[in-house]
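K.L.:
I'm passing along model06.csv; it holds CSV, C-alpha atoms.
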```
chain,number,residue,atom,x,y,z
A,6,MET,CA,76.4,46.1,116.7
A,7,LYS,CA,76.0,47.6,120.2
A,8,SER,CA,79.5,46.5,121.3
A,9,SER,CA,80.9,48.1,118.1
A,10,LEU,CA,79.2,51.4,118.9
A,11,SER,CA,80.3,51.2,122.5
A,12,LEU,CA,83.9,50.6,121.5
A,13,ALA,CA,83.8,53.5,119.0
A,14,PHE,CA,82.4,55.8,121.8
A,15,LEU,CA,85.2,54.8,124.2
A,16,LEU,CA,87.9,55.4,121.6
A,17,ALA,CA,86.4,58.8,120.8
A,18,LEU,CA,86.3,59.6,124.5
A,19,LEU,CA,90.0,58.6,124.9
A,20,PHE,CA,91.0,60.9,122.1
A,21,LEU,CA,89.1,63.8,123.7
A,22,LEU,CA,90.4,63.3,127.3
A,23,PRO,CA,93.9,64.6,126.7
A,24,ALA,CA,92.6,67.7,125.0
A,25,ALA,CA,90.2,68.3,127.9
A,26,GLY,CA,93.0,67.6,130.4
A,27,PHE,CA,95.2,70.2,128.9
A,28,ALA,CA,92.6,72.8,128.2
A,29,GLN,CA,93.6,76.2,129.6
A,30,LYS,CA,91.1,78.4,131.5
A,31,ALA,CA,91.4,82.1,131.3
A,32,SER,CA,91.5,82.3,135.1
A,33,GLU,CA,94.6,80.1,135.1
A,34,LEU,CA,96.7,82.6,133.1
A,35,LYS,CA,98.9,85.3,134.6
A,36,TYR,CA,98.1,88.8,133.4
A,37,VAL,CA,100.4,91.7,132.6
A,38,ASP,CA,99.1,95.3,132.5
A,39,ALA,CA,99.4,96.5,128.9
A,40,LYS,CA,100.7,99.9,130.3
A,41,ASN,CA,104.0,98.1,130.6
A,42,LEU,CA,104.0,97.1,126.9
A,43,MET,CA,103.9,99.3,123.7
A,44,LEU,CA,100.9,101.4,122.6
A,45,ILE,CA,101.0,102.4,119.0
A,46,ASN,CA,98.8,104.5,116.6
A,47,GLN,CA,98.2,107.2,119.3
A,48,GLY,CA,98.7,110.7,118.2
A,49,PHE,CA,99.2,112.2,121.7
A,50,ASP,CA,100.9,111.3,124.9
A,51,ASN,CA,98.8,113.7,127.1
A,52,THR,CA,95.4,112.0,126.7
A,53,GLU,CA,92.6,111.9,129.3
A,54,LEU,CA,92.7,108.1,129.4
A,55,THR,CA,95.6,105.8,128.7
A,56,TYR,CA,93.8,104.4,125.7
A,57,SER,CA,92.0,107.6,124.4
A,58,ARG,CA,92.8,109.7,121.4
A,59,LEU,CA,92.7,113.5,122.1
A,60,PRO,CA,95.1,115.8,123.9
A,61,VAL,CA,93.7,116.7,127.3
A,62,ASP,CA,94.6,120.4,127.1
A,63,MET,CA,92.2,120.7,124.1
A,64,LYS,CA,89.2,119.5,126.1
A,65,PRO,CA,87.8,123.0,126.9
A,66,ALA,CA,87.9,123.9,123.2
A,67,THR,CA,86.5,120.7,121.9
A,68,ARG,CA,82.8,120.0,121.4
A,69,LYS,CA,81.5,117.5,124.1
A,70,ALA,CA,80.3,115.0,121.4
A,71,VAL,CA,83.7,115.0,119.8
A,72,TRP,CA,85.5,114.7,123.1
A,73,ASP,CA,83.4,111.8,124.2
A,74,LEU,CA,84.0,110.0,121.0
A,75,GLY,CA,87.7,110.7,121.4
A,76,LEU,CA,87.6,108.5,124.5
A,77,ASN,CA,86.9,105.5,122.2
A,78,SER,CA,90.0,103.5,121.5
A,79,ALA,CA,89.6,103.3,117.7
A,80,GLY,CA,92.8,102.4,115.9
A,81,LEU,CA,94.9,102.0,119.0
A,82,ALA,CA,96.9,98.8,119.3
A,83,ILE,CA,99.2,97.1,121.8
A,84,ARG,CA,102.5,95.6,120.6
A,85,PHE,CA,104.2,92.9,122.6
A,86,SER,CA,106.1,89.6,122.4
A,87,SER,CA,105.5,86.3,124.2
A,88,ASP,CA,106.4,82.6,124.0
A,89,SER,CA,103.1,81.5,125.6
A,90,ARG,CA,101.2,78.6,124.1
A,91,THR,CA,98.0,80.4,125.1
A,92,ILE,CA,97.1,84.1,125.0
A,93,GLY,CA,94.2,85.7,126.8
A,94,ILE,CA,93.0,89.2,127.3
A,95,ARG,CA,91.3,90.9,130.2
A,96,TRP,CA,89.9,94.3,129.5
A,97,THR,CA,87.6,96.8,131.2
A,98,LEU,CA,85.2,98.8,129.0
A,99,LEU,CA,84.3,102.4,129.5
A,100,ASN,CA,80.7,102.3,128.4
A,101,TYR,CA,79.6,98.9,127.2
A,102,PHE,CA,78.2,100.5,124.0
A,103,ILE,CA,75.8,98.6,121.8
A,104,MET,CA,74.5,99.2,118.2
A,105,HIS,CA,72.1,97.1,116.2
A,106,HIS,CA,73.9,97.3,112.9
A,107,MET,CA,77.5,96.6,114.1
A,108,ALA,CA,78.9,93.4,115.6
A,109,GLY,CA,79.8,93.5,119.3
A,110,THR,CA,83.3,92.2,118.3
A,111,GLY,CA,83.9,95.4,116.4
A,112,ILE,CA,82.4,97.8,118.9
A,113,ARG,CA,83.9,96.2,122.1
A,114,GLY,CA,86.2,93.3,121.1
A,115,ILE,CA,89.9,93.1,120.8
A,116,ASP,CA,91.7,91.5,117.8
A,117,LEU,CA,95.0,89.6,118.0
A,118,TYR,CA,97.6,89.4,115.2
A,119,GLN,CA,100.9,87.5,115.1
A,120,LEU,CA,103.9,88.6,113.1
A,121,ASP,CA,105.2,85.8,110.9
A,122,GLU,CA,108.8,85.2,109.7
A,123,ASN,CA,108.1,87.2,106.6
A,124,ASP,CA,106.9,90.3,108.5
A,125,HIS,CA,103.3,89.6,107.6
A,126,TRP,CA,100.6,90.2,110.2
A,127,GLN,CA,98.5,87.0,110.6
A,128,PHE,CA,95.1,87.3,112.3
A,129,VAL,CA,94.8,84.7,115.0
A,130,GLY,CA,91.7,85.5,117.0
A,131,THR,CA,89.3,87.9,118.7
A,132,ALA,CA,88.6,88.5,122.3
A,133,ILE,CA,84.8,88.3,122.2
A,134,PRO,CA,82.9,90.6,124.6
A,135,ASN,CA,80.5,88.1,126.0
A,136,GLY,CA,78.1,89.0,128.8
A,137,LYS,CA,77.1,92.3,130.2
A,138,ASP,CA,79.9,92.9,132.7
A,139,THR,CA,82.2,95.7,131.8
A,140,THR,CA,85.3,93.6,132.6
A,141,LYS,CA,85.9,90.8,130.1
A,142,THR,CA,88.3,87.9,130.2
A,143,GLN,CA,88.8,85.7,127.2
A,144,ILE,CA,91.3,83.2,125.8
A,145,VAL,CA,92.0,84.4,122.3
A,146,VAL,CA,94.2,81.6,121.0
A,147,SER,CA,95.8,78.4,122.4
A,148,GLY,CA,97.7,75.4,121.2
A,149,MET,CA,100.6,77.5,119.9
A,150,ASP,CA,104.2,76.3,119.4
A,151,GLY,CA,105.7,77.9,122.5
A,152,LYS,CA,108.2,79.9,120.5
A,153,ASP,CA,108.8,83.6,121.0
A,154,HIS,CA,106.6,85.7,118.7
A,155,ASP,CA,105.6,89.3,118.2
A,156,TYR,CA,101.9,90.2,118.5
A,157,MET,CA,99.6,93.2,118.0
A,158,ALA,CA,96.3,93.6,119.8
A,159,TYR,CA,93.8,96.1,118.3
A,160,LEU,CA,91.5,97.8,120.8
A,161,PRO,CA,87.7,98.4,120.5
A,162,LEU,CA,86.5,100.7,117.8
A,163,TYR,CA,83.3,102.2,119.3
A,164,ASP,CA,83.9,101.9,123.0
A,165,GLY,CA,86.7,103.0,125.4
A,166,VAL,CA,88.8,100.8,127.6
A,167,THR,CA,90.1,101.8,131.0
A,168,LYS,CA,92.4,98.8,131.5
A,169,VAL,CA,93.9,96.1,129.3
A,170,GLU,CA,95.9,93.1,130.4
A,171,ILE,CA,97.6,90.4,128.4
A,172,GLY,CA,97.3,86.8,129.8
A,173,VAL,CA,99.9,84.1,129.3
A,174,THR,CA,100.7,80.8,130.8
A,175,LYS,CA,102.5,80.9,134.1
A,176,ASP,CA,105.8,79.6,132.7
A,177,ALA,CA,105.8,82.1,129.7
A,178,HIS,CA,107.1,85.6,129.4
A,179,VAL,CA,105.3,88.7,128.0
A,180,GLY,CA,107.2,91.9,127.2
A,181,LEU,CA,108.1,94.5,124.6
A,182,PRO,CA,108.2,93.5,120.9
A,183,HIS,CA,111.5,92.1,119.7
A,184,ARG,CA,111.3,93.1,116.0
A,185,GLU,CA,111.5,96.7,114.7
A,186,VAL,CA,108.3,96.2,112.7
A,187,LEU,CA,105.4,98.6,113.2
A,188,VAL,CA,106.6,100.0,116.5
A,189,LYS,CA,106.0,103.3,118.3
A,190,GLY,CA,107.9,106.3,116.8
A,191,GLN,CA,109.3,104.4,113.8
A,192,GLY,CA,108.9,107.3,111.3
A,193,LYS,CA,106.1,109.7,111.0
A,194,PRO,CA,102.5,108.3,111.1
A,195,ILE,CA,99.7,108.8,108.6
A,196,VAL,CA,96.8,110.8,110.2
A,197,PHE,CA,93.2,110.1,109.2
A,198,TYR,CA,90.5,112.6,110.1
A,199,GLY,CA,87.0,111.5,109.4
A,200,THR,CA,83.5,110.2,110.3
A,201,SER,CA,81.9,107.1,111.7
A,202,ILE,CA,83.4,105.2,108.8
A,203,THR,CA,86.9,106.3,109.6
A,204,GLN,CA,86.2,105.3,113.3
A,205,GLY,CA,85.3,101.8,112.1
A,206,GLY,CA,81.6,101.6,111.5
A,207,CYS,CA,80.7,98.9,110.8
A,208,ALA,CA,83.7,96.5,110.8
A,209,SER,CA,83.1,93.1,112.3
A,210,ARG,CA,86.3,93.4,114.3
A,211,PRO,CA,88.9,96.1,115.1
A,212,GLY,CA,91.5,94.9,112.7
A,213,MET,CA,89.3,95.4,109.7
A,214,VAL,CA,88.8,99.2,109.9
A,215,TYR,CA,90.6,100.8,106.9
A,216,THR,CA,93.1,102.6,109.0
A,217,ASN,CA,94.3,99.4,110.6
A,218,ILE,CA,94.4,97.5,107.3
A,219,ILE,CA,96.5,100.3,105.8
A,220,SER,CA,98.8,100.3,108.9
A,221,ARG,CA,99.5,96.6,108.4
A,222,ALA,CA,100.0,96.9,104.7
A,223,LEU,CA,102.6,99.8,105.0
A,224,GLN,CA,104.0,98.7,108.4
A,225,LYS,CA,103.4,102.2,109.5
A,226,GLU,CA,101.5,103.8,112.4
A,227,CYS,CA,98.2,105.2,111.4
A,228,VAL,CA,96.4,107.6,113.8
A,229,ASN,CA,92.6,107.2,113.7
A,230,LEU,CA,90.8,110.5,114.3
A,231,GLY,CA,87.4,109.3,113.3
A,232,PHE,CA,84.4,110.8,115.2
A,233,SER,CA,81.0,109.2,114.5
A,234,GLY,CA,78.6,111.8,113.2
A,235,ASN,CA,80.8,114.7,114.2
A,236,ALA,CA,83.6,115.2,111.6
A,237,ARG,CA,82.6,118.8,110.8
A,238,MET,CA,86.0,120.4,110.4
A,239,ASP,CA,85.8,122.2,113.7
A,240,LYS,CA,88.5,124.8,114.4
A,241,ALA,CA,89.6,122.8,117.5
A,242,LEU,CA,90.1,119.8,115.3
A,243,ALA,CA,92.2,121.8,112.8
A,244,GLU,CA,94.5,122.6,115.8
A,245,ILE,CA,94.5,119.0,117.0
A,246,VAL,CA,95.2,117.4,113.6
A,247,SER,CA,97.9,119.9,112.8
A,248,ARG,CA,99.7,119.1,116.1
A,249,ILE,CA,100.7,115.7,114.8
A,250,ASP,CA,103.8,115.8,112.7
A,251,ALA,CA,102.6,113.3,110.0
A,252,ASP,CA,104.0,111.7,106.9
A,253,GLN,CA,100.6,112.2,105.2
A,254,TYR,CA,97.2,113.5,106.2
A,255,VAL,CA,93.9,112.1,104.9
A,256,ILE,CA,90.8,114.3,105.3
A,257,ASP,CA,87.7,112.0,104.9
A,258,CYS,CA,84.9,113.9,106.5
A,259,LEU,CA,82.2,114.9,103.9
A,260,GLU,CA,79.6,112.4,105.1
A,261,ASN,CA,79.2,114.5,108.3
A,262,CYS,CA,79.2,117.9,106.5
A,263,THR,CA,76.4,119.7,105.0
A,264,LEU,CA,77.2,122.1,102.1
A,265,LYS,CA,76.8,124.9,104.6
A,266,VAL,CA,79.3,123.4,107.0
A,267,MET,CA,81.7,123.0,104.0
A,268,GLN,CA,81.3,126.6,103.0
A,269,ASP,CA,81.8,127.8,106.5
A,270,SER,CA,84.7,125.6,107.7
A,271,ALA,CA,86.6,123.8,104.9
A,272,TRP,CA,88.8,126.7,103.7
A,273,PHE,CA,90.0,127.5,107.2
A,274,PHE,CA,90.5,123.9,108.2
A,275,LEU,CA,92.5,122.9,105.2
A,276,THR,CA,94.6,126.1,104.9
A,277,TYR,CA,95.4,126.0,108.7
A,278,LEU,CA,96.7,122.4,108.3
A,279,ALA,CA,98.6,123.3,105.1
A,280,LYS,CA,100.3,126.3,106.6
A,281,ARG,CA,101.5,124.3,109.5
A,282,HIS,CA,102.8,121.5,107.2
A,283,PRO,CA,103.5,123.0,103.8
A,284,ASP,CA,105.6,120.1,102.6
A,285,THR,CA,103.3,117.2,103.8
A,286,PRO,CA,100.8,115.7,101.4
A,287,ILE,CA,97.2,116.3,102.4
A,288,TYR,CA,94.6,114.1,100.7
A,289,MET,CA,91.1,115.4,100.3
A,290,VAL,CA,88.7,112.4,100.0
A,291,GLU,CA,85.3,112.7,98.3
A,292,HIS,CA,82.0,111.7,99.8
A,293,ILE,CA,81.5,108.0,99.1
A,294,TRP,CA,78.6,106.9,97.0
A,295,PHE,CA,76.0,105.4,99.3
A,296,SER,CA,74.5,102.2,98.0
A,297,HIS,CA,71.0,103.7,97.8
A,298,ALA,CA,72.2,106.8,95.9
A,299,LEU,CA,71.8,104.8,92.7
A,300,VAL,CA,68.0,104.9,93.1
A,301,ASN,CA,67.5,107.8,95.5
A,302,LYS,CA,67.8,110.9,93.4
A,303,PRO,CA,67.8,113.5,96.2
A,304,VAL,CA,70.7,111.6,98.0
A,305,HIS,CA,72.5,111.2,94.7
A,306,ASP,CA,72.2,114.9,93.9
A,307,GLN,CA,73.3,115.9,97.5
A,308,ILE,CA,76.4,113.8,97.3
A,309,ALA,CA,77.2,115.1,93.8
A,310,GLU,CA,76.8,118.7,95.0
A,311,LYS,CA,79.2,118.2,97.9
A,312,ASN,CA,81.8,116.4,95.8
A,313,ALA,CA,81.7,119.2,93.2
A,314,TYR,CA,82.2,121.8,95.9
A,315,TRP,CA,85.0,119.8,97.4
A,316,ARG,CA,86.7,119.6,94.0
A,317,GLU,CA,86.3,123.3,93.6
A,318,ILE,CA,88.0,124.0,96.9
A,319,TYR,CA,90.8,121.7,95.9
A,320,GLU,CA,91.4,123.4,92.6
A,321,LYS,CA,91.4,126.8,94.3
A,322,LEU,CA,93.9,125.7,96.9
A,323,ARG,CA,96.2,124.4,94.2
A,324,SER,CA,95.8,127.6,92.2
A,325,GLU,CA,96.7,129.7,95.2
A,326,GLY,CA,100.0,127.8,95.7
A,327,TYR,CA,99.1,125.0,98.2
A,328,LYS,CA,100.8,122.4,96.1
A,329,ASN,CA,100.8,119.7,98.8
A,330,PHE,CA,97.1,118.9,98.4
A,331,ARG,CA,96.1,115.7,96.7
A,332,TYR,CA,92.6,114.5,95.6
A,333,ILE,CA,90.9,111.1,96.0
A,334,PRO,CA,87.7,110.7,94.1
A,335,ALA,CA,84.9,108.5,95.3
A,336,THR,CA,84.6,106.5,92.0
A,337,ASN,CA,86.6,103.5,93.1
A,338,LEU,CA,86.5,103.8,96.9
A,339,THR,CA,83.8,101.3,97.7
A,340,GLY,CA,83.3,99.3,94.5
A,341,PRO,CA,80.7,99.3,91.7
A,342,ASP,CA,78.0,97.1,93.2
A,343,GLY,CA,77.0,98.7,96.6
A,344,GLU,CA,77.7,95.4,98.3
A,345,GLY,CA,80.3,96.8,100.8
A,346,ALA,CA,77.9,98.5,103.2
A,347,VAL,CA,75.7,97.2,106.0
A,348,ASP,CA,73.1,100.0,105.7
A,349,GLY,CA,74.0,101.7,102.4
A,350,CYS,CA,76.6,103.9,104.2
A,351,HIS,CA,78.7,102.2,106.9
A,352,GLN,CA,81.1,99.7,105.6
A,353,THR,CA,81.4,96.0,106.2
A,354,ASP,CA,84.8,94.2,106.1
A,355,LEU,CA,84.4,94.0,102.3
A,356,GLY,CA,83.8,97.7,102.0
A,357,PHE,CA,86.8,98.5,104.2
A,358,LEU,CA,89.0,96.2,102.2
A,359,ARG,CA,88.0,98.0,99.0
A,360,MET,CA,88.5,101.4,100.6
A,361,SER,CA,92.0,100.5,101.9
A,362,GLU,CA,93.1,99.2,98.5
A,363,GLU,CA,92.1,102.4,96.9
A,364,PHE,CA,93.7,104.5,99.6
A,365,LEU,CA,96.9,102.5,99.3
A,366,ARG,CA,97.0,103.2,95.6
A,367,HIS,CA,97.3,106.9,96.4
A,368,LEU,CA,99.3,106.8,99.6
A,369,LYS,CA,102.0,104.6,98.1
A,370,ARG,CA,102.8,107.3,95.6
```
Taking this structure as input, can you express it in the form of structure tokens?
P.N.:
Amino acid sequence: MKSSLSLAFLLALLFLLPAAGFAQKASELKYVDAKNLMLINQGFDNTELTYSRLPVDMKPATRKAVWDLGLNSAGLAIRFSSDSRTIGIRWTLLNYFIMHHMAGTGIRGIDLYQLDENDHWQFVGTAIPNGKDTTKTQIVVSGMDGKDHDYMAYLPLYDGVTKVEIGVTKDAHVGLPHREVLVKGQGKPIVFYGTSITQGGCASRPGMVYTNIISRALQKECVNLGFSGNARMDKALAEIVSRIDADQYVIDCLENCTLKVMQDSAWFFLTYLAKRHPDTPIYMVEHIWFSHALVNKPVHDQIAEKNAYWREIYEKLRSEGYKNFRYIPATNLTGPDGEGAVDGCHQTDLGFLRMSEEFLRHLKR
């Protein structure tokens, strides 16, 4: 019996040895600065950081809280190609931000997708931000076929990055994408202005925020202008949003707006955008129904009041000749069961999938 067990152990060890022998360490890869690759989903070229989201000339006019959130890399992605059998990522975080109700992979991690032969984006792995050092180095995927593929790496949602490098084996190349699928400047983008939910709270990883899901579904750049707790239709943001020549605009900000803020700011914000882009669809999104609104009457009534006022503004805009406005009610945005939220408000991957499906129903029109 003992000899049989020993033989089985030796055979198992022999099977494992080749795998261990060929295991690639992140430190053995060669790294290419992503500045030399292709950055997509960024609305402006004149940003403060390479991977931030707001135009630097608007910094004096922008509230500090909004500006600081704009340094987060939410929605940004790096497009590249490589024939490497192993891909790693080395990235340096701006803040090393932590939240108790959102996974670190969503806050600070980087997702990797591969483009298959049918132009479908396949998720292949996440660079997990282990440890407390601000610079991370992780192998994301290995054991691949060594053929040339196109990739997309989504950057962190709730932190900024000061440097990103793509790691490949020393005999492999890494360069610009080969295929004209979801590349920079390929048609006008869809611009999303919104709250912490739009920014990505609380997706488990960057690829699962609704703007990125929609981008992959439509093979179209989507600019994420989500600002956690601070989407209050500021005049500065009306200017910033309107600067982007978009295919469609989605205004999804009511969760951060009191009724007073809506009364003071909504008309100016919406008409400013519409006058700059009179032929571009502008979608006004209702306040989502928080999971606890079913049992919490004050919360229910507050959401209902804001949605009713939002609808009133929409109808007034249409009656005054602003025919490019569209309306997305909250009824089907997050599903009927309240299961799509981590805290009743911020969405899990399930919630984001539901939201993206409902958005796509409207945007595809």
K.L.:
Report as CSV: every residue of segment 145-195 of chain A with an atom at most 12 Å from segment 211-218 of chain A, its closest pair of atoms, and their distance in Å to one decimal, counting only C-alpha atoms, with rows sorted by chain and ascending residue number.
P.N.:
```
residue,atom,partner,partner_atom,distance
A:Met157,CA,A:Gly212,CA,9.8
A:Ala158,CA,A:Gly212,CA,8.7
A:Tyr159,CA,A:Pro211,CA,5.9
A:Leu160,CA,A:Pro211,CA,6.5
A:Pro161,CA,A:Pro211,CA,6.0
A:Leu162,CA,A:Pro211,CA,5.8
A:Tyr163,CA,A:Pro211,CA,9.3
A:Asp164,CA,A:Pro211,CA,11.0
A:Leu187,CA,A:Asn217,CA,11.4
A:Pro194,CA,A:Thr216,CA,11.2
A:Ile195,CA,A:Thr216,CA,9.1
```
K.L.:
So that I have them on file, write out the residues from the current selection with C-alpha atoms, as a tab-separated table (two decimals), in the coordinates of the input.
P.N.:
```
chain	number	residue	atom	x	y	z
A	157	MET	CA	99.60	93.20	118.00
A	158	ALA	CA	96.30	93.60	119.80
A	159	TYR	CA	93.80	96.10	118.30
A	160	LEU	CA	91.50	97.80	120.80
A	161	PRO	CA	87.70	98.40	120.50
A	162	LEU	CA	86.50	100.70	117.80
A	163	TYR	CA	83.30	102.20	119.30
A	164	ASP	CA	83.90	101.90	123.00
A	187	LEU	CA	105.40	98.60	113.20
A	194	PRO	CA	102.50	108.30	111.10
A	195	ILE	CA	99.70	108.80	108.60
```
K.L.:
Using Å and a single decimal, report how far atom CA of Tyr118 of chain A sits from atom CA of Gly130 of chain A.
P.N.:
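If I compute the distance from atom CA of Gly130 of chain A to atom CA of Tyr118 of chain A, I get 7.3 Å.
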K.L.:
Using only C-alpha atoms, determine which residues lie at most 9 Å from Ile333 of chain A, disregarding the query and same-chain residues fewer than 5 positions distant; provide the list as a list in words.
P.N.:
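Surrounding residues, per the criterion: Tyr288, Met289, Val290, Glu291, Leu338, Glu363, Phe364 and His367 of chain A.
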K.L.:
Counting all atoms listed in the file, what is within 7 Å of segment 225-234 of chain A, bar same-chain residues fewer than 4 positions away, as a list in words?
P.N.:
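Contacts, in chain order: Ile45, Asn46, Gln47, Gly48, Val71, Leu74, Ala79, Gly80, Leu187, Pro194, Ile195, Val196, Phe197, Tyr198, Gly199, Thr200, Ser201, Thr203, Gln204, Thr216, Ser220, Arg221 and Asn261 of chain A.
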K.L.:
What is the atom CA of Asp284 of chain A to atom CA of Glu320 of chain A distance in Å?
P.N.:
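It comes out at 17.7 Å.
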K.L.:
To one decimal place in Å, what is the distance between atom CA of His297 of chain A and atom CA of Met267 of chain A?
P.N.:
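Going from atom CA of His297 of chain A over to atom CA of Met267 of chain A, I get 22.9 Å.
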K.L.:
When distances are computed from all atoms listed in the file, which of A:Asp121, A:Asp116, A:Asp38, A:Asp150 shows the smallest separation from Arg90 of chain A?
P.N.:
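Using all atoms listed in the file, Arg90 of chain A sits closest to A:Asp150.
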K.L.:
Check the smallest atom-to-atom distance from each of A:Tyr314, A:Thr142, A:His154, A:Thr263 to Asp124 of chain A using all atoms listed in the file, then report the winner.
P.N.:
A:His154
K.L.:
Identify the residues around (94.1, 110.3, 124.0) within a radius of 12 Å, measuring from all atoms listed in the file in the coordinates stated by the file, and give them as a PyMOL selection string.
P.N.:
chain A and resi 44-64+72-81+165-167+228-230+245
K.L.:
Fewer than 6 positions away in the same chain doesn't count, so skip those; otherwise give me all residues within 9 Å of segment 93-101 of chain A, counting all atoms listed in the file, as a PyMOL selection string.
P.N.:
chain A and resi 31+34+36+76-77+112-113+115+132+137-147+161+164-173
K.L.:
Mind dumping the selected residues with C-alpha atoms as a PDB file, in the frame of the given file?
P.N.:
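As written to disk, selection.pdb reads:
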```
ATOM      1  CA  ALA A  31      91.400  82.100 131.300  1.00  0.00           C
ATOM      2  CA  LEU A  34      96.700  82.600 133.100  1.00  0.00           C
ATOM      3  CA  TYR A  36      98.100  88.800 133.400  1.00  0.00           C
ATOM      4  CA  LEU A  76      87.600 108.500 124.500  1.00  0.00           C
ATOM      5  CA  ASN A  77      86.900 105.500 122.200  1.00  0.00           C
ATOM      6  CA  ILE A 112      82.400  97.800 118.900  1.00  0.00           C
ATOM      7  CA  ARG A 113      83.900  96.200 122.100  1.00  0.00           C
ATOM      8  CA  ILE A 115      89.900  93.100 120.800  1.00  0.00           C
ATOM      9  CA  ALA A 132      88.600  88.500 122.300  1.00  0.00           C
ATOM     10  CA  LYS A 137      77.100  92.300 130.200  1.00  0.00           C
ATOM     11  CA  ASP A 138      79.900  92.900 132.700  1.00  0.00           C
ATOM     12  CA  THR A 139      82.200  95.700 131.800  1.00  0.00           C
ATOM     13  CA  THR A 140      85.300  93.600 132.600  1.00  0.00           C
ATOM     14  CA  LYS A 141      85.900  90.800 130.100  1.00  0.00           C
ATOM     15  CA  THR A 142      88.300  87.900 130.200  1.00  0.00           C
ATOM     16  CA  GLN A 143      88.800  85.700 127.200  1.00  0.00           C
ATOM     17  CA  ILE A 144      91.300  83.200 125.800  1.00  0.00           C
ATOM     18  CA  VAL A 145      92.000  84.400 122.300  1.00  0.00           C
ATOM     19  CA  VAL A 146      94.200  81.600 121.000  1.00  0.00           C
ATOM     20  CA  SER A 147      95.800  78.400 122.400  1.00  0.00           C
ATOM     21  CA  PRO A 161      87.700  98.400 120.500  1.00  0.00           C
ATOM     22  CA  ASP A 164      83.900 101.900 123.000  1.00  0.00           C
ATOM     23  CA  GLY A 165      86.700 103.000 125.400  1.00  0.00           C
ATOM     24  CA  VAL A 166      88.800 100.800 127.600  1.00  0.00           C
ATOM     25  CA  THR A 167      90.100 101.800 131.000  1.00  0.00           C
ATOM     26  CA  LYS A 168      92.400  98.800 131.500  1.00  0.00           C
ATOM     27  CA  VAL A 169      93.900  96.100 129.300  1.00  0.00           C
ATOM     28  CA  GLU A 170      95.900  93.100 130.400  1.00  0.00           C
ATOM     29  CA  ILE A 171      97.600  90.400 128.400  1.00  0.00           C
ATOM     30  CA  GLY A 172      97.300  86.800 129.800  1.00  0.00           C
ATOM     31  CA  VAL A 173      99.900  84.100 129.300  1.00  0.00           C
TER      32      VAL A 173
END
```
K.L.:
Using all atoms listed in the file, which of the listed residues (A:Leu358, A:Ile83, A:Ala271, A:Val304) sits closest to Pro182 of chain A?
P.N.:
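Using all atoms listed in the file, the shortest distance to Pro182 of chain A belongs to A:Ile83.
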K.L.:
Excluding Ala298 of chain A and its own-chain neighbours fewer than 4 positions away, which residues fall within 10 Å of it when counting all atoms listed in the file? Please give them as a count of residues only.
P.N.:
13
K.L.:
Give the answer as one residue: which of A:Met43, A:Leu299, A:Val255, A:Ala82 has the shortest atom-to-atom distance to Pro286 of chain A, using only C-alpha atoms?
P.N.:
A:Val255
K.L.:
So which one's closest to Gly206 of chain A, A:Gln268, A:Ser324, A:Thr110, A:Ser86? Using only C-alpha atoms, please.
P.N.:
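Selected residue with least distance to Gly206 of chain A: A:Thr110.
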K.L.:
Would you mind putting N, CA and C atoms back on segment 106-116 of chain A and writing the result as a compact mmCIF listing (two decimals), in the frame of the given file?
P.N.:
```txt
# COMPACT_ATOMS: atom_id res chain seq x y z
N HIS A 106 73.39 97.59 114.25
CA HIS A 106 73.90 97.30 112.90
C HIS A 106 75.39 97.00 112.87
N MET A 107 76.03 96.88 114.06
CA MET A 107 77.50 96.60 114.10
C MET A 107 77.74 95.51 115.12
N ALA A 108 78.59 94.57 114.73
CA ALA A 108 78.90 93.40 115.60
C ALA A 108 79.57 93.89 116.89
N GLY A 109 79.22 93.23 117.99
CA GLY A 109 79.80 93.50 119.30
C GLY A 109 81.33 93.36 119.26
N THR A 110 81.84 92.44 118.44
CA THR A 110 83.30 92.20 118.30
C THR A 110 83.99 93.46 117.78
N GLY A 111 83.32 94.18 116.89
CA GLY A 111 83.90 95.40 116.40
C GLY A 111 83.78 96.57 117.32
N ILE A 112 82.64 96.66 118.00
CA ILE A 112 82.40 97.80 118.90
C ILE A 112 83.30 97.61 120.18
N ARG A 113 83.29 96.41 120.79
CA ARG A 113 83.90 96.20 122.10
C ARG A 113 84.95 95.16 122.20
N GLY A 114 85.20 94.43 121.11
CA GLY A 114 86.20 93.30 121.10
C GLY A 114 87.60 93.77 120.90
N ILE A 115 88.52 92.82 121.03
CA ILE A 115 89.90 93.10 120.80
C ILE A 115 90.48 91.99 119.87
N ASP A 116 91.15 92.42 118.81
CA ASP A 116 91.70 91.50 117.80
C ASP A 116 93.20 91.21 118.14
```
